[in-house]
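Colleague: Provided herewith: entry14.csv, CSV, C-alpha atoms.
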chain,number,residue,atom,x,y,z
A,1,MET,CA,11.5,18.5,23.7
A,2,ASN,CA,8.2,16.7,23.0
A,3,THR,CA,9.3,13.2,22.0
A,4,ALA,CA,6.2,12.8,19.7
A,5,ASN,CA,7.5,15.7,17.6
A,6,ALA,CA,11.2,15.2,17.9
A,7,ARG,CA,11.6,13.5,14.6
A,8,THR,CA,9.1,15.4,12.5
A,9,VAL,CA,9.7,18.2,10.0
A,10,PRO,CA,7.8,21.4,10.8
A,11,GLY,CA,5.1,22.4,8.2
A,12,THR,CA,4.7,18.9,6.8
A,13,GLY,CA,1.8,17.7,8.9
A,14,ASN,CA,3.9,15.0,10.4
A,15,ALA,CA,4.1,13.3,7.0
A,16,LEU,CA,7.9,13.6,7.0
A,17,LEU,CA,10.4,12.9,9.7
A,18,SER,CA,13.5,14.4,8.3
A,19,ARG,CA,14.7,16.2,5.2
A,20,PHE,CA,18.1,15.6,3.4
A,21,HIS,CA,19.5,15.0,-0.1
A,22,LEU,CA,20.8,11.9,-1.7
A,23,GLY,CA,21.1,11.1,-5.4
A,24,GLY,CA,20.8,13.3,-8.4
A,25,SER,CA,18.5,16.0,-9.7
A,26,GLY,CA,15.5,13.9,-10.7
A,27,PRO,CA,12.1,13.8,-9.1
A,28,THR,CA,12.0,14.0,-5.3
A,29,VAL,CA,11.3,10.9,-3.2
A,30,ALA,CA,10.4,10.1,0.4
A,31,ILE,CA,11.3,6.7,1.9
A,32,LYS,CA,9.1,5.0,4.5
A,33,ASP,CA,10.7,4.6,7.9
A,34,CYS,CA,10.9,0.8,7.7
A,35,ILE,CA,13.4,0.9,4.7
A,36,ASP,CA,17.1,1.4,5.3
A,37,ILE,CA,18.9,4.6,4.2
A,38,ALA,CA,22.6,4.3,4.9
A,39,GLY,CA,23.8,6.4,7.8
A,40,GLN,CA,20.3,6.9,9.2
A,41,PRO,CA,18.5,4.8,11.9
A,42,THR,CA,15.4,2.9,10.7
A,43,CYS,CA,12.9,3.3,13.5
A,44,GLY,CA,9.7,1.9,12.1
A,45,GLY,CA,7.7,4.7,13.7
A,46,SER,CA,8.4,3.2,17.1
A,47,ALA,CA,9.9,4.5,20.3
A,48,ALA,CA,11.0,0.8,20.8
A,49,LEU,CA,13.4,1.2,17.9
A,50,ALA,CA,14.4,4.8,18.6
A,51,ASP,CA,18.0,3.7,19.6
A,52,ALA,CA,18.5,1.7,16.4
A,53,ALA,CA,22.0,2.0,15.0
A,54,PRO,CA,22.3,3.9,11.6
A,55,ALA,CA,21.9,1.6,8.7
A,56,SER,CA,25.2,0.4,7.2
A,57,ALA,CA,23.9,0.3,3.6
A,58,HIS,CA,21.0,1.5,1.5
A,59,ALA,CA,18.1,-0.9,1.0
A,60,ASP,CA,18.1,-2.2,-2.6
A,61,VAL,CA,15.2,0.0,-3.6
A,62,VAL,CA,17.0,3.1,-2.3
A,63,ARG,CA,20.2,2.2,-4.0
A,64,ARG,CA,18.4,1.6,-7.3
A,65,LEU,CA,16.6,5.0,-7.1
A,66,ILE,CA,19.9,6.8,-6.4
A,67,ASP,CA,21.6,5.0,-9.2
A,68,ASP,CA,18.9,6.3,-11.6
A,69,GLY,CA,19.2,9.9,-10.5
A,70,TRP,CA,16.2,10.3,-8.3
A,71,GLN,CA,16.5,12.7,-5.4
A,72,ILE,CA,15.9,11.0,-2.0
A,73,THR,CA,14.9,14.0,0.1
A,74,ALA,CA,12.9,12.8,3.0
A,75,ARG,CA,12.1,10.1,5.5
A,76,ALA,CA,8.3,9.4,5.7
A,77,ASN,CA,6.3,8.7,8.8
A,78,MET,CA,4.3,5.5,9.2
A,79,HIS,CA,2.0,3.5,11.5
A,80,GLU,CA,4.2,2.0,14.2
A,81,LEU,CA,6.0,-1.2,13.2
A,82,ALA,CA,3.9,-1.2,9.9
A,83,TYR,CA,1.2,-2.9,12.0
A,84,GLY,CA,-1.9,-0.8,11.7
A,85,MET,CA,-4.3,0.7,9.3
A,86,THR,CA,-5.1,4.2,10.7
A,87,GLY,CA,-1.7,5.9,10.4
A,88,ILE,CA,-2.2,7.3,13.9
A,89,ASN,CA,1.2,7.5,15.6
A,90,ASP,CA,1.5,8.9,19.1
A,91,TRP,CA,5.3,8.9,19.1
A,92,ASN,CA,6.1,10.6,15.7
A,93,GLY,CA,2.8,12.3,15.4
A,94,THR,CA,0.0,11.5,12.9
A,95,ALA,CA,0.3,12.5,9.2
A,96,VAL,CA,-2.5,14.7,7.9
A,97,ASN,CA,-4.9,13.5,5.2
A,98,PRO,CA,-4.5,16.0,2.4
A,99,GLN,CA,-8.0,15.3,1.1
A,100,ASP,CA,-9.7,15.9,4.5
A,101,PRO,CA,-7.7,16.6,7.6
A,102,THR,CA,-10.5,15.3,9.8
A,103,ARG,CA,-10.2,11.8,8.3
A,104,MET,CA,-7.5,9.1,8.9
A,105,THR,CA,-4.6,9.0,6.5
A,106,GLY,CA,-4.5,5.2,6.4
A,107,GLY,CA,-1.7,2.9,7.3
A,108,SER,CA,0.8,1.7,7.5
A,109,SER,CA,2.4,3.9,4.8
A,110,SER,CA,0.6,7.0,6.0
A,111,GLY,CA,3.4,9.5,5.7
A,112,SER,CA,4.3,8.2,2.2
A,113,ALA,CA,0.8,8.8,0.9
A,114,SER,CA,0.3,12.1,2.8
A,115,ALA,CA,3.6,13.5,1.5
A,116,VAL,CA,2.7,12.7,-2.1
A,117,GLY,CA,-0.9,14.0,-1.7
A,118,ALA,CA,0.3,17.3,-0.2
A,119,ALA,CA,2.9,17.7,-3.0
A,120,LEU,CA,5.8,17.6,-0.5
A,121,VAL,CA,7.6,15.1,-2.8
A,122,ASP,CA,7.0,13.9,-6.3
A,123,MET,CA,7.0,10.2,-5.4
A,124,SER,CA,7.3,8.1,-2.3
A,125,ILE,CA,8.2,4.5,-1.4
A,126,GLY,CA,6.1,2.5,1.0
A,127,SER,CA,5.4,-1.1,1.8
A,128,ASP,CA,2.2,-3.2,1.6
A,129,THR,CA,1.7,-6.3,3.8
A,130,GLY,CA,-2.1,-6.1,4.1
A,131,GLY,CA,-3.0,-3.1,1.9
A,132,SER,CA,-0.5,-0.6,3.4
A,133,ILE,CA,0.1,1.1,0.1
A,134,ARG,CA,-3.3,0.9,-1.5
A,135,LEU,CA,-5.3,1.8,1.6
A,136,PRO,CA,-3.5,5.1,2.4
A,137,ALA,CA,-3.3,5.9,-1.4
A,138,ALA,CA,-7.1,5.6,-1.5
A,139,CYS,CA,-7.5,7.7,1.7
A,140,CYS,CA,-5.2,10.4,0.4
A,141,GLY,CA,-6.4,10.6,-3.2
A,142,VAL,CA,-3.2,9.4,-4.8
A,143,ILE,CA,-2.0,6.4,-6.9
A,144,GLY,CA,-0.4,3.5,-5.1
A,145,PHE,CA,1.0,0.3,-6.6
A,146,LYS,CA,1.7,-3.0,-4.9
A,147,PRO,CA,3.9,-5.0,-7.3
A,148,THR,CA,3.8,-8.7,-7.8
A,149,TYR,CA,5.2,-10.4,-4.6
A,150,GLY,CA,9.0,-10.6,-5.1
A,151,ARG,CA,9.2,-8.3,-8.1
A,152,VAL,CA,10.8,-5.5,-6.1
A,153,SER,CA,13.6,-6.5,-3.7
A,154,ARG,CA,12.8,-6.2,0.0
A,155,ALA,CA,16.5,-6.4,1.0
A,156,GLY,CA,17.0,-3.6,3.6
A,157,ALA,CA,13.3,-3.4,4.4
A,158,TYR,CA,11.6,-4.9,7.5
A,159,PRO,CA,10.4,-7.1,8.8
A,160,ALA,CA,13.2,-8.9,7.1
A,161,VAL,CA,11.0,-12.0,6.5
A,162,SER,CA,7.5,-11.7,5.1
A,163,SER,CA,5.4,-13.9,2.8
A,164,LEU,CA,3.0,-11.0,2.2
A,165,ASP,CA,5.0,-7.7,2.1
A,166,CYS,CA,5.8,-5.8,-1.1
A,167,VAL,CA,7.7,-2.5,-1.6
A,168,GLY,CA,6.2,-0.1,-4.0
A,169,PRO,CA,5.6,3.5,-5.1
A,170,PHE,CA,3.0,6.3,-4.6
A,171,ALA,CA,2.6,9.2,-7.0
A,172,ARG,CA,0.1,11.6,-8.4
A,173,SER,CA,0.5,10.4,-12.0
A,174,MET,CA,0.9,7.0,-13.7
A,175,ASP,CA,4.0,8.4,-15.5
A,176,LEU,CA,5.8,8.7,-12.2
A,177,ILE,CA,4.6,5.3,-11.0
A,178,ILE,CA,5.9,3.7,-14.2
A,179,SER,CA,9.2,5.7,-13.9
A,180,ALA,CA,9.6,4.4,-10.3
A,181,MET,CA,8.9,0.8,-11.3
A,182,THR,CA,11.4,1.1,-14.2
A,183,SER,CA,14.1,2.0,-11.5
A,184,ILE,CA,13.2,-0.3,-8.7
A,185,ALA,CA,12.0,-3.5,-10.5
A,186,PRO,CA,14.7,-5.4,-12.4
A,187,GLY,CA,13.6,-6.0,-16.0
A,188,PHE,CA,10.6,-3.8,-15.9
A,189,ASP,CA,9.7,-2.9,-19.5
A,190,ARG,CA,8.8,0.8,-19.6
A,191,ALA,CA,7.8,0.6,-23.3
A,192,CYS,CA,5.2,-2.0,-22.5
A,193,ALA,CA,4.0,-0.1,-19.4
A,194,THR,CA,3.6,3.2,-21.3
A,195,THR,CA,1.4,1.7,-24.1
A,196,ALA,CA,-2.1,2.7,-23.0
A,197,VAL,CA,-4.5,-0.3,-23.3
A,198,ALA,CA,-7.6,1.0,-24.9
A,199,GLN,CA,-9.0,-2.5,-25.5
A,200,ALA,CA,-9.1,-4.8,-22.6
A,201,ARG,CA,-11.2,-7.6,-21.0
A,202,VAL,CA,-11.9,-6.8,-17.4
A,203,LYS,CA,-13.7,-8.9,-14.8
A,204,LEU,CA,-15.8,-6.7,-12.5
A,205,VAL,CA,-15.5,-8.3,-9.0
A,206,THR,CA,-18.7,-8.6,-7.1
A,207,VAL,CA,-18.1,-7.1,-3.6
A,208,GLN,CA,-19.9,-5.2,-1.0
A,209,ALA,CA,-19.2,-1.5,-1.0
A,210,ASP,CA,-21.0,1.7,-0.1
A,211,PRO,CA,-23.2,2.9,-3.0
A,212,GLU,CA,-21.4,6.1,-3.7
A,213,ILE,CA,-18.1,4.3,-4.0
A,214,ALA,CA,-19.6,1.6,-6.1
A,215,GLY,CA,-21.1,4.3,-8.3
A,216,ALA,CA,-17.7,6.1,-8.7
A,217,VAL,CA,-16.0,2.8,-9.7
A,218,ALA,CA,-18.8,2.0,-12.2
A,219,ALA,CA,-18.6,5.5,-13.7
A,220,ALA,CA,-14.8,5.2,-14.2
A,221,PHE,CA,-15.2,1.8,-15.8
A,222,ALA,CA,-17.9,3.2,-18.1
A,223,VAL,CA,-15.5,5.8,-19.6
A,224,SER,CA,-12.6,3.2,-20.0
A,225,GLY,CA,-14.0,1.6,-23.2
A,226,TRP,CA,-13.1,-1.8,-21.8
A,227,GLN,CA,-15.3,-4.9,-22.0
A,228,GLY,CA,-16.4,-6.1,-18.6
A,229,HIS,CA,-18.1,-9.1,-17.1
A,230,ALA,CA,-19.1,-9.7,-13.5
A,231,TRP,CA,-17.1,-12.2,-11.5
A,232,THR,CA,-17.8,-13.5,-8.0
A,233,PRO,CA,-14.9,-14.9,-6.1
A,234,HIS,CA,-15.6,-17.8,-3.6
A,235,HIS,CA,-12.5,-17.4,-1.4
A,236,MET,CA,-12.3,-13.6,-1.0
A,237,HIS,CA,-13.3,-13.4,2.7
A,238,ALA,CA,-11.4,-16.5,3.6
A,239,ALA,CA,-8.3,-14.9,2.0
A,240,PHE,CA,-8.9,-11.7,4.0
A,241,GLU,CA,-8.9,-13.8,7.2
A,242,ALA,CA,-5.9,-15.9,6.1
A,243,GLY,CA,-4.0,-12.7,5.4
A,244,MET,CA,-4.7,-11.5,8.9
A,245,THR,CA,-3.5,-14.8,10.4
A,246,LEU,CA,-0.2,-14.7,8.5
A,247,ILE,CA,0.5,-11.0,9.2
A,248,ASN,CA,-0.1,-11.7,12.9
A,249,ARG,CA,2.3,-14.7,13.0
A,250,GLU,CA,5.0,-13.0,11.0
A,251,THR,CA,4.8,-9.7,12.8
A,252,HIS,CA,5.0,-11.4,16.2
A,253,ASP,CA,8.0,-13.4,14.9
A,254,ALA,CA,9.7,-10.2,14.0
A,255,PHE,CA,8.7,-7.9,16.9
A,256,GLY,CA,7.4,-10.0,19.7
A,257,HIS,CA,10.6,-9.4,21.6
A,258,LEU,CA,9.5,-5.7,22.0
A,259,LEU,CA,6.5,-6.6,24.1
A,260,GLY,CA,6.5,-5.7,27.8
A,261,LEU,CA,9.2,-3.0,27.5
A,262,GLY,CA,6.8,-0.1,27.9
A,263,LYS,CA,7.9,1.4,24.6
A,264,LEU,CA,5.1,0.3,22.2
A,265,GLY,CA,2.0,2.3,21.6
A,266,ALA,CA,-1.1,0.9,23.3
A,267,ASP,CA,-2.7,-0.3,20.1
A,268,ILE,CA,0.5,-2.1,19.0
A,269,GLU,CA,1.1,-3.6,22.4
A,270,LYS,CA,-2.4,-5.0,22.5
A,271,ARG,CA,-2.4,-6.3,18.9
A,272,LEU,CA,1.1,-7.8,19.1
A,273,SER,CA,0.2,-9.6,22.4
A,274,ALA,CA,-2.9,-11.1,20.8
A,275,ALA,CA,-0.8,-12.2,17.8
A,276,ALA,CA,1.2,-14.4,20.1
A,277,THR,CA,-1.8,-16.7,20.3
A,278,THR,CA,-1.7,-17.5,16.6
A,279,THR,CA,-1.6,-21.3,16.3
A,280,ASP,CA,0.3,-23.5,13.9
A,281,GLU,CA,-3.0,-25.0,12.9
A,282,ALA,CA,-4.3,-21.5,12.0
A,283,VAL,CA,-1.2,-20.8,9.9
A,284,ALA,CA,-1.5,-24.1,8.1
A,285,HIS,CA,-5.2,-23.3,7.3
A,286,ALA,CA,-4.2,-19.9,6.1
A,287,GLU,CA,-1.6,-21.4,3.7
A,288,ALA,CA,-4.2,-23.8,2.3
A,289,VAL,CA,-6.5,-20.7,1.7
A,290,ARG,CA,-3.6,-19.0,0.0
A,291,VAL,CA,-3.3,-21.9,-2.5
A,292,ALA,CA,-7.0,-22.0,-3.2
A,293,PHE,CA,-7.5,-18.2,-3.5
A,294,SER,CA,-4.4,-17.8,-5.7
A,295,ALA,CA,-5.6,-20.5,-8.0
A,296,GLU,CA,-9.1,-18.9,-8.2
A,297,VAL,CA,-7.6,-15.5,-9.1
A,298,ASP,CA,-5.2,-17.1,-11.6
A,299,ALA,CA,-8.2,-18.9,-13.3
A,300,ALA,CA,-10.2,-15.7,-13.5
A,301,LEU,CA,-7.3,-13.8,-15.0
A,302,ALA,CA,-6.7,-16.5,-17.6
A,303,GLU,CA,-9.7,-15.1,-19.4
A,304,ALA,CA,-9.2,-11.4,-18.6
A,305,ASP,CA,-6.5,-8.7,-18.5
A,306,ALA,CA,-7.4,-7.5,-15.0
A,307,LEU,CA,-9.9,-7.6,-12.2
A,308,LEU,CA,-11.5,-4.3,-11.3
A,309,LEU,CA,-13.1,-3.5,-7.9
A,310,PRO,CA,-13.1,-0.7,-5.3
A,311,THR,CA,-10.0,-0.3,-3.2
A,312,LEU,CA,-11.9,0.5,-0.1
A,313,PRO,CA,-15.5,-0.6,0.6
A,314,ALA,CA,-16.2,2.6,2.6
A,315,LEU,CA,-14.9,6.1,3.0
A,316,PRO,CA,-12.0,6.5,5.6
A,317,PRO,CA,-13.5,7.3,9.0
A,318,THR,CA,-12.7,10.5,10.9
A,319,LEU,CA,-10.1,10.6,13.6
A,320,GLU,CA,-12.8,11.4,16.0
A,321,ALA,CA,-14.8,8.3,15.1
A,322,ILE,CA,-11.7,6.2,15.6
A,323,SER,CA,-11.0,7.8,19.0
A,324,GLN,CA,-14.6,6.8,19.9
A,325,GLY,CA,-13.9,3.2,19.0
A,326,ALA,CA,-14.8,2.9,15.3
A,327,SER,CA,-13.3,-0.3,13.8
A,328,VAL,CA,-11.2,0.0,10.6
A,329,LEU,CA,-10.4,-3.6,10.1
A,330,MET,CA,-12.9,-4.3,7.3
A,331,LEU,CA,-11.5,-1.4,5.3
A,332,SER,CA,-8.8,-3.8,4.2
A,333,SER,CA,-11.2,-6.5,3.1
A,334,LEU,CA,-10.7,-5.8,-0.7
A,335,VAL,CA,-7.0,-5.2,-0.6
A,336,ARG,CA,-5.6,-7.7,1.9
A,337,PRO,CA,-6.6,-10.8,-0.1
A,338,PHE,CA,-4.1,-9.9,-2.9
A,339,ASN,CA,-1.2,-9.8,-0.5
A,340,LEU,CA,-2.1,-13.4,0.3
A,341,SER,CA,-2.2,-14.3,-3.4
A,342,GLY,CA,0.8,-12.1,-4.5
A,343,HIS,CA,-0.9,-10.6,-7.5
A,344,PRO,CA,0.0,-7.0,-8.6
A,345,ALA,CA,-2.6,-4.4,-7.6
A,346,LEU,CA,-2.9,-0.8,-8.5
A,347,SER,CA,-5.1,1.8,-6.7
A,348,ILE,CA,-6.3,4.8,-8.7
A,349,PRO,CA,-8.4,7.7,-7.3
A,350,VAL,CA,-11.8,8.3,-8.9
A,351,THR,CA,-14.3,11.1,-8.5
A,352,MET,CA,-17.5,10.7,-6.5
A,353,ALA,CA,-20.5,12.5,-7.8
A,354,GLY,CA,-21.2,15.7,-5.8
A,355,ARG,CA,-18.3,15.2,-3.4
A,356,PRO,CA,-14.8,16.7,-3.3
A,357,LEU,CA,-13.4,13.6,-1.6
A,358,LYS,CA,-12.2,11.0,-4.0
A,359,ALA,CA,-12.8,7.2,-3.8
A,360,ALA,CA,-10.5,4.7,-5.4
A,361,LEU,CA,-10.6,1.7,-7.7
A,362,GLN,CA,-8.2,-1.3,-7.8
A,363,LEU,CA,-6.9,-3.1,-10.8
A,364,VAL,CA,-5.4,-6.5,-10.2
A,365,GLY,CA,-3.4,-8.4,-12.8
A,366,ARG,CA,-1.6,-11.6,-13.5
A,367,LYS,CA,1.5,-12.3,-11.5
A,368,GLY,CA,4.6,-10.9,-13.1
A,369,GLU,CA,2.6,-8.7,-15.5
A,370,ASP,CA,3.1,-5.5,-13.6
A,371,GLU,CA,3.7,-3.6,-16.8
A,372,ARG,CA,0.3,-4.6,-18.1
A,373,ILE,CA,-1.4,-3.3,-15.0
A,374,CYS,CA,0.5,0.0,-15.3
A,375,ALA,CA,-0.5,0.3,-18.9
A,376,LEU,CA,-4.2,-0.3,-18.0
A,377,GLY,CA,-3.8,2.3,-15.2
A,378,LEU,CA,-2.3,4.8,-17.7
A,379,HIS,CA,-5.2,4.3,-20.1
A,380,LEU,CA,-7.7,4.8,-17.3
A,381,GLU,CA,-6.0,7.9,-16.1
A,382,GLN,CA,-6.1,9.4,-19.6
A,383,ALA,CA,-9.7,8.4,-20.1
A,384,LEU,CA,-10.7,10.0,-16.7
A,385,ARG,CA,-9.1,13.3,-17.7
A,386,HIS,CA,-11.6,13.8,-20.5
A,387,VAL,CA,-14.7,13.3,-18.3
What do you get writing this file as structure tokens?
Modeller:
Amino acid sequence: MNTANARTVPGTGNALLSRFHLGGSGPTVAIKDCIDIAGQPTCGGSAALADAAPASAHADVVRRLIDDGWQITARANMHELAYGMTGINDWNGTAVNPQDPTRMTGGSSSGSASAVGAALVDMSIGSDTGGSIRLPAACCGVIGFKPTYGRVSRAGAYPAVSSLDCVGPFARSMDLIISAMTSIAPGFDRACATTAVAQARVKLVTVQADPEIAGAVAAAFAVSGWQGHAWTPHHMHAAFEAGMTLINRETHDAFGHLLGLGKLGADIEKRLSAAATTTDEAVAHAEAVRVAFSAEVDAALAEADALLLPTLPALPPTLEAISQGASVLMLSSLVRPFNLSGHPALSIPVTMAGRPLKAALQLVGRKGEDERICALGLHLEQALRHV
């Protein structure tokens, strides 16, 4: 049997690794392969973890969903060790982008985004350390939400220790995003999240993005009815670089022992080896940037309900371009900073004029006010339906 296809479900474009049924009769859910499901191995999309023992207990997020009657029906594919942005996986196979099969699905929660976009499940759970929910959501034309850091339990997800990672949902509607958050985030107020916010103060973040994406975001804002003012952050690029420093250190701490075994994909072996050179001085500088950028965003949100900016600065590249060496690193330049700061961030697909492929915008809110960001997202979704 071809090892690369041994764990994939036929007919799902390698988005799903297995099908089963846990829970009730509610909406169907796929769980990313770095989150424990009792009785199943958690392999992180990696041959290096193929012999992992079955999990002895559900991750907290899985248990909460089952307790609320959701149907856990599938295990979702991912970029190996959640340490990449393309979603390309030579062991499990690569999930297909439901918007355009020639383009990358995005990582690391590639299967979670692909499965929702292809309507294989109603909702999926992924994780976001450097944009790994929002980036594939934008690539695949679905909604993806990174909650406030710590709002959703990471118990049973890995790496076990992360100062950046958040567990969160993908769906095709804000109603399902809100329902998911009601189940997985203790104390989440559904009533607050389902009150669409027609009047809001929004700061339009000044960033570099391709004109057609910037135009799509501006057009979406124009129909929102919100008040907007331009805002230029001073620490955005530094926060992007600091996020890279910390993910390198923390991923090497978690998985460095897998180097040299001949079981990692070539891209992961190379990147994880390079991460070993991350110095304590670089980490200390990154932590200082975290403080400065977090304070800057907090100050901006003291006078606004949300920040609004593109999710991605450019369209996802084709798989062929990536195979020819195209870099994807800067695609995370607008999402990764908010992992560093810990603010909740919601990615919503928006239409580009004259193109079937959708772009995406990002709403960023105050820490702990996940309900408010969901309410803003709900209003925007409703406003865009009437365009």
Colleague: For the atom pair atom CA of Gln99 of chain A and atom CA of Ala119 of chain A, what is the interatomic distance in Å to one decimal place?
Modeller: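 Calculated distance between atom CA of Gln99 of chain A and atom CA of Ala119 of chain A is 11.9 Å.
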Colleague: Of the residues A:Ser332, A:Thr278, A:Ser109, A:Thr182, which is the one nearest to Leu81 of chain A, using all atoms listed in the file?
Modeller: A:Ser109
Colleague: Can you work out which one of A:Val217, A:Ala326, A:Ala274, A:Ala238 has the shortest atom-to-atom distance to Leu308 of chain A, counting all atoms listed in the file?
Modeller: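 Closest to Leu308 of chain A of all the choices is A:Val217.
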Colleague: Contacts of Gly13 of chain A at 10 Å or less, counting all atoms listed in the file, minus same-chain residues fewer than 2 places along, as a PyMOL selection string?
Modeller: chain A and resi 8-11+15-17+93-98+101+111+114-115+118
Colleague: Can those selected residues be exported to a file as a short mmCIF file (atom, residue, chain, number, x, y, z; two decimals), in the coordinates of the input so that it contains C-alpha atoms?
Modeller:
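To be explicit, this is the file written out as part_14.cif:
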data_model
loop_
_atom_site.label_atom_id
_atom_site.label_comp_id
_atom_site.auth_asym_id
_atom_site.auth_seq_id
_atom_site.Cartn_x
_atom_site.Cartn_y
_atom_site.Cartn_z
CA THR A 8 9.10 15.40 12.50
CA VAL A 9 9.70 18.20 10.00
CA PRO A 10 7.80 21.40 10.80
CA GLY A 11 5.10 22.40 8.20
CA ALA A 15 4.10 13.30 7.00
CA LEU A 16 7.90 13.60 7.00
CA LEU A 17 10.40 12.90 9.70
CA GLY A 93 2.80 12.30 15.40
CA THR A 94 0.00 11.50 12.90
CA ALA A 95 0.30 12.50 9.20
CA VAL A 96 -2.50 14.70 7.90
CA ASN A 97 -4.90 13.50 5.20
CA PRO A 98 -4.50 16.00 2.40
CA PRO A 101 -7.70 16.60 7.60
CA GLY A 111 3.40 9.50 5.70
CA SER A 114 0.30 12.10 2.80
CA ALA A 115 3.60 13.50 1.50
CA ALA A 118 0.30 17.30 -0.20
#
Colleague: Could you state the separation of atom CA of Cys34 of chain A and atom CA of Ala113 of chain A in Å, given to one decimal place?
Modeller: 14.6 Å
Colleague: Quick one: distance from atom CA of Gly107 of chain A to atom CA of Gly87 of chain A in Å, one decimal?
Modeller: 4.3 Å
Colleague: Between A:Asp165, A:Asp122, A:Asp298, A:Asp305, which residue has the minimum interatomic distance to Asn339 of chain A, considering only C-alpha atoms?
Modeller: A:Asp165
Colleague: I'd like the neighbourhood of Pro169 of chain A as number ranges by chain, where a residue qualifies if any of its atoms comes within 10 Å (using all atoms listed in the file), though same-chain residues fewer than 4 positions away should be ignored.
Modeller: A: 29-31, 112-113, 123-127, 133-134, 137, 143-147, 176-181, 184
Colleague: Taking into account all atoms listed in the file, which residue in the set A:Gln208, A:Ser341, A:Thr129, A:Gln40 is nearest to Thr232 of chain A?
Modeller: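 Of all the options, A:Gln208 lies closest to Thr232 of chain A.
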Colleague: With all atoms listed in the file as the basis for distance, which of A:Gly215, A:Ala288, A:Leu204, A:Arg103 is at the shortest distance from Ala304 of chain A?
Modeller: A:Leu204
Colleague: List as a ChimeraX atom specification the residues having at least one atom at most 7 Å from position (21.9, 5.1, 15.6) as given in the file, counting all atoms listed in the file.
Modeller: /A:40-41,51-54
Colleague: Got a sec: who's within 10 Å of segment 22-28 of chain A, counting only C-alpha atoms, leaving out chain neighbours fewer than 3 positions off, as a PyMOL selection string?
Modeller: chain A and resi 37+62-63+65-74+116+120-124+176+179-180
Colleague: Can you pull out every residue within 10 Å of Ala55 of chain A, counting only C-alpha atoms, but drop anything in the same chain fewer than 4 positions away, and send it as a ChimeraX atom specification?
Modeller: /A:35-42,59,156
Colleague: Selection from above, C-alpha atoms, as an mmCIF file, in the coordinates of the input, can you write it?
Modeller:
data_model
loop_
_atom_site.group_PDB
_atom_site.id
_atom_site.type_symbol
_atom_site.label_atom_id
_atom_site.label_comp_id
_atom_site.auth_asym_id
_atom_site.auth_seq_id
_atom_site.Cartn_x
_atom_site.Cartn_y
_atom_site.Cartn_z
ATOM 1 C CA ILE A 35 13.400 0.900 4.700
ATOM 2 C CA ASP A 36 17.100 1.400 5.300
ATOM 3 C CA ILE A 37 18.900 4.600 4.200
ATOM 4 C CA ALA A 38 22.600 4.300 4.900
ATOM 5 C CA GLY A 39 23.800 6.400 7.800
ATOM 6 C CA GLN A 40 20.300 6.900 9.200
ATOM 7 C CA PRO A 41 18.500 4.800 11.900
ATOM 8 C CA THR A 42 15.400 2.900 10.700
ATOM 9 C CA ALA A 59 18.100 -0.900 1.000
ATOM 10 C CA GLY A 156 17.000 -3.600 3.600
#
Colleague: What are the nearest atom pairs, with distances in Å to one decimal, for all residues of segment 121-218 of chain A that come at most 9 Å from segment 371-381 of chain A, using all atoms listed in the file, set out by chain and rising residue number as JSON lines?
Modeller:
{"residue": "A:Phe145", "atom": "CA", "partner": "A:Cys374", "partner_atom": "CA", "distance": 8.7}
{"residue": "A:Ser173", "atom": "CA", "partner": "A:Glu381", "partner_atom": "CA", "distance": 8.1}
{"residue": "A:Met174", "atom": "CA", "partner": "A:Leu378", "partner_atom": "CA", "distance": 5.6}
{"residue": "A:Asp175", "atom": "CA", "partner": "A:Leu378", "partner_atom": "CA", "distance": 7.6}
{"residue": "A:Ile177", "atom": "CA", "partner": "A:Cys374", "partner_atom": "CA", "distance": 8.0}
{"residue": "A:Ile178", "atom": "CA", "partner": "A:Cys374", "partner_atom": "CA", "distance": 6.6}
{"residue": "A:Met181", "atom": "CA", "partner": "A:Glu371", "partner_atom": "CA", "distance": 8.8}
{"residue": "A:Phe188", "atom": "CA", "partner": "A:Glu371", "partner_atom": "CA", "distance": 7.0}
{"residue": "A:Asp189", "atom": "CA", "partner": "A:Glu371", "partner_atom": "CA", "distance": 6.6}
{"residue": "A:Arg190", "atom": "CA", "partner": "A:Glu371", "partner_atom": "CA", "distance": 7.3}
{"residue": "A:Ala191", "atom": "CA", "partner": "A:Glu371", "partner_atom": "CA", "distance": 8.8}
{"residue": "A:Cys192", "atom": "CA", "partner": "A:Glu371", "partner_atom": "CA", "distance": 6.1}
{"residue": "A:Ala193", "atom": "CA", "partner": "A:Glu371", "partner_atom": "CA", "distance": 4.4}
{"residue": "A:Thr194", "atom": "CA", "partner": "A:Ala375", "partner_atom": "CA", "distance": 5.6}
{"residue": "A:Thr195", "atom": "CA", "partner": "A:Ala375", "partner_atom": "CA", "distance": 5.7}
{"residue": "A:Ala196", "atom": "CA", "partner": "A:His379", "partner_atom": "CA", "distance": 4.5}
{"residue": "A:Val197", "atom": "CA", "partner": "A:Leu376", "partner_atom": "CA", "distance": 5.3}
{"residue": "A:Ala198", "atom": "CA", "partner": "A:His379", "partner_atom": "CA", "distance": 6.3}
{"residue": "A:Ala200", "atom": "CA", "partner": "A:Leu376", "partner_atom": "CA", "distance": 8.1}
